[in-house]
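> Shown below is the structure under consideration.
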Amino acid sequence: MEKHTINVPSVEEFARPTSRRDFFKALAAAGVGAAAGSVLLSRKASAQGTDVDIANFALTLEFLETEFYRRALDAGVLRGDALALVENIFDHESQHVDAIIGLLEGAGATPVEEPEFVFPEGTFTSQAGILELAATFEPVGVGAYLGAAPMIQSPDILAAAGSIAGVEGEHVVAINNLVTGLPAANEAFPAALTMDEVLAAVSPFIMGGMMETGGQEYRDRTSFGRV
Amino acid sequence: MIGIDREVSRQNFLKKAAWAGAAFSAMGIGGFGVAVRRAEAQAQAYESYQGLGDAAILQFAYLLEQLEGIFYDEGVNAGLFANAFLDQVAVIRDHEFAHADAIATTLGQLGAEVPAVPEFTYPDGVFTDVVAFLELAATFEPVGIGAYQGAAPALESKDILAAAISIHNAECQHRAAINILNLISPPAQVAFEEALPLQDVQAAVEPFGITG
């Protein structure tokens, strides 16, 4: 058996408890209210609140991706394999949006409204520009789900998050293949992101910023923001 | 060939993908009959792993990783691939062994035994026929995905869960990469990854020499 040289992280590194605290801190800073809420509410209620907040956060990310791919298709500059791929990805992201909305409504929670998105000028004028931005969005999606997963209380929601995260991981590879070629699957241990990292990555694309978009909405619309 | 009818299981998943609206019901928030039944259908997968304990789940996962790693290693050594295709298969092999190493380390921390790797039996011809090899790879990956996704909610340690969900994601990425090697365009085909109940995973890998 040949020697392989992947740096295998310890299991503690995955969990990154510091990062997890940061995630909660960022949730609170974003006005999501989960961290503060958990102090006031019973353990069970705060757990549910966290799941709702995470689902709403994920919904915003899926909205962003769906809108990005919608505009990419509308731009009419994609051809061949890139066009076929983006059609598939758009369909997947749309299904993720529908699924998360259904999940929230089924819980009696209110899904966040779709914010208005803004993309850098010139993003949609070339296939290369579209794929380049796609190549930055998809790993953020993966990282957001991986970062949130250990905080999810409901096993069903955890299973759903893992399912969707995996699809975002497939998108990473499919886009890598068009941008840089093989090997397109390059990560033995795809990385979790903290909420701060996710916010930093996506805020520039959200009119008014993620804080306003998500935060106040979450505070108003969920019963867990009573702080 | 692996004993899972992929089309049937895909269709089942699409049905189950109606977990939209159902998952919270299982938490007792919602509670519509239909939604609950759907949640139960989705829940079957992880319920089959519950009670095993983290160590037993990891021991099983370790064998799956070895099954995959040795398969890809033999594929690399058999000279089935060249250039970029060879690079990708070798990278996937390295990932599988890295997963196995990470799991072995974790088992050690848990004070649990790292299982002996059995002599696996791979179907005739997979190391001489690139099409057969890639076909088998395309069936291995969804089994690994389904196993991790099914087991994840049953894991007690959040640390181990974080590791498992990362490895799950790598397996999903492999699935897309194998699709690329199989010249499937676009390689990202599914909107939702599917969890598999333990019994389905066991049935799928038993022919290769993983028992129990």
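Labels for the structure tokens follow display order: chains A, B, ..., residues from 1 in each chain, ligands from 1.
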Using only C-alpha atoms, which protein or nucleic acid residues come within 6 Å of segment 65-80 of chain B? Drop anything in the same chain fewer than 2 positions from it, and give the result as a ChimeraX atom specification.

/B:62-63,93,96-97,100,127,130

> Those selected residues, please, written with C-alpha atoms and delivered as a PDB file, in the first residue's frame.


ATOM      1  CA  TYR B  62     -13.638   1.903   9.259  1.00  0.00           C
ATOM      2  CA  LEU B  63     -14.289  -1.261   7.276  1.00  0.00           C
ATOM      3  CA  ARG B  93      -7.843   6.489  -2.652  1.00  0.00           C
ATOM      4  CA  GLU B  96     -10.437   6.915   1.862  1.00  0.00           C
ATOM      5  CA  PHE B  97      -7.292   5.860   3.690  1.00  0.00           C
ATOM      6  CA  ALA B 100      -9.760   5.196   7.828  1.00  0.00           C
ATOM      7  CA  PHE B 127      -9.276  -4.446 -12.038  1.00  0.00           C
ATOM      8  CA  VAL B 130     -12.003   0.288 -16.549  1.00  0.00           C
TER       9      VAL B 130
END

> Let me make sure I understand: among A:Glu116, A:Leu103, A:Gly122, A:Ala144, which one has the smallest atom-to-atom distance to chain B if we use only C-alpha atoms?

A:Leu103

> Enter the distance from atom CA of Glu67 of chain A to atom CA of Pro139 of chain A, in Å, rounded to one decimal.

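Between atom CA of Glu67 of chain A and atom CA of Pro139 of chain A the gap is 16.9 Å.
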
> Counting only C-alpha atoms, what is within 10 Å of Ala128 of chain A, bar same-chain residues fewer than 4 positions away, as a PyMOL selection string?

chain A and resi 77-78+82+123-124+132-134+178-179

> Save the residues we just selected, all heavy atoms, as a compact mmCIF listing (two decimals), in the first residue's frame?


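Contents of the output file again_30.txt:
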# COMPACT_ATOMS: atom_id res chain seq x y z
N VAL A 77 -25.19 33.44 -21.42
CA VAL A 77 -23.79 33.33 -21.86
C VAL A 77 -23.21 31.94 -21.63
O VAL A 77 -22.07 31.67 -22.02
CB VAL A 77 -22.88 34.37 -21.15
CG1 VAL A 77 -23.33 35.79 -21.51
CG2 VAL A 77 -22.86 34.17 -19.65
N LEU A 78 -23.97 31.07 -21.00
CA LEU A 78 -23.45 29.72 -20.71
C LEU A 78 -23.68 28.80 -21.91
O LEU A 78 -24.70 28.90 -22.58
CB LEU A 78 -24.14 29.15 -19.47
CG LEU A 78 -23.93 29.92 -18.18
CD1 LEU A 78 -24.82 29.35 -17.07
CD2 LEU A 78 -22.46 29.87 -17.75
N ALA A 82 -21.22 23.66 -19.21
CA ALA A 82 -21.45 24.66 -18.16
C ALA A 82 -22.93 24.99 -18.06
O ALA A 82 -23.49 25.09 -16.96
CB ALA A 82 -20.64 25.92 -18.45
N THR A 123 -20.41 40.18 -13.39
CA THR A 123 -20.48 38.77 -13.01
C THR A 123 -21.11 37.92 -14.09
O THR A 123 -20.67 36.80 -14.35
CB THR A 123 -21.31 38.61 -11.71
OG1 THR A 123 -20.68 39.33 -10.67
CG2 THR A 123 -21.44 37.15 -11.31
N PHE A 124 -22.15 38.46 -14.71
CA PHE A 124 -22.95 37.63 -15.61
C PHE A 124 -22.65 37.88 -17.09
O PHE A 124 -23.44 37.52 -17.95
CB PHE A 124 -24.44 37.85 -15.33
CG PHE A 124 -24.81 37.51 -13.91
CD1 PHE A 124 -25.11 38.51 -12.99
CD2 PHE A 124 -24.82 36.19 -13.48
CE1 PHE A 124 -25.44 38.19 -11.68
CE2 PHE A 124 -25.13 35.86 -12.17
CZ PHE A 124 -25.45 36.87 -11.26
N GLU A 132 -16.54 31.33 -11.86
CA GLU A 132 -15.61 31.77 -10.81
C GLU A 132 -16.35 32.08 -9.51
O GLU A 132 -15.95 31.67 -8.43
CB GLU A 132 -14.86 33.01 -11.30
CG GLU A 132 -13.63 33.36 -10.49
CD GLU A 132 -12.99 34.64 -11.01
OE1 GLU A 132 -12.78 34.74 -12.24
OE2 GLU A 132 -12.75 35.53 -10.18
N LEU A 133 -17.47 32.79 -9.66
CA LEU A 133 -18.24 33.11 -8.46
C LEU A 133 -18.92 31.85 -7.90
O LEU A 133 -18.99 31.66 -6.68
CB LEU A 133 -19.28 34.20 -8.76
CG LEU A 133 -19.90 34.90 -7.56
CD1 LEU A 133 -18.84 35.38 -6.57
CD2 LEU A 133 -20.77 36.08 -7.99
N ALA A 134 -19.38 31.00 -8.79
CA ALA A 134 -19.96 29.73 -8.34
C ALA A 134 -18.94 28.94 -7.52
O ALA A 134 -19.29 28.31 -6.51
CB ALA A 134 -20.44 28.91 -9.54
N LEU A 178 -14.93 22.12 -14.25
CA LEU A 178 -15.00 23.05 -15.39
C LEU A 178 -13.97 24.16 -15.28
O LEU A 178 -13.50 24.68 -16.29
CB LEU A 178 -16.41 23.66 -15.48
CG LEU A 178 -17.54 22.70 -15.84
CD1 LEU A 178 -18.87 23.44 -15.89
CD2 LEU A 178 -17.26 22.00 -17.17
N VAL A 179 -13.62 24.52 -14.04
CA VAL A 179 -12.71 25.66 -13.85
C VAL A 179 -11.25 25.22 -13.90
O VAL A 179 -10.43 25.82 -14.58
CB VAL A 179 -13.02 26.39 -12.53
CG1 VAL A 179 -12.00 27.49 -12.27
CG2 VAL A 179 -14.43 26.96 -12.56

> Just asking: which residues within segment 36-198 of chain A are helix (DSSP H, G or I) according to DSSP, as a PyMOL selection string?

chain A and resi 36-40+43-75+80-106+127-151+155-179+195-198

> Neighbours of Leu61 of chain A within 12 Å (only C-alpha atoms; same-chain residues fewer than 5 positions away dropped), as a PyMOL selection string?

chain A and resi 54-56+66-68+93-94+96-97+100+112-115+117+137-145+164-165+168+195+198-199+201-203+205-206+210+213-214

> In terms of the shortest atom-to-atom distance over only C-alpha atoms, which of A:Gln127, A:Val167, A:Ala188, A:Gly162 is closest to Leu83 of chain A?

A:Gln127

> Of the candidates A:Ala99, A:Leu158, A:Ala200, A:Leu85, which one gets nearest to Asn177 of chain A if we count only C-alpha atoms?

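So, comparing all the options, the nearest one is A:Leu85.
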
> Check the smallest atom-to-atom distance from each of A:Ala135, A:Ala161, A:Leu59, A:Ala185 to chain B using only C-alpha atoms, then report the winner.

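Closest to chain B of all the choices is A:Ala185.
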
> Nearest to Ala162 of chain B: which of A:Gly80, A:Gly129, A:Pro111, A:Pro190 is it, counting only C-alpha atoms?

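For Ala162 of chain B, the nearest of the given residues is A:Pro190.
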
> Atom CA of Pro115 of chain B and atom CA of Glu187 of chain A are how many Å apart?

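Rounded to one decimal, the two atoms are 25.4 Å apart.
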
> Please determine, counting only C-alpha atoms, which residue among B:Ala116, B:Val91, B:Val201, B:Leu196 has the shortest atom-to-atom distance to chain A.

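Closest to chain A of all the choices is B:Val91.
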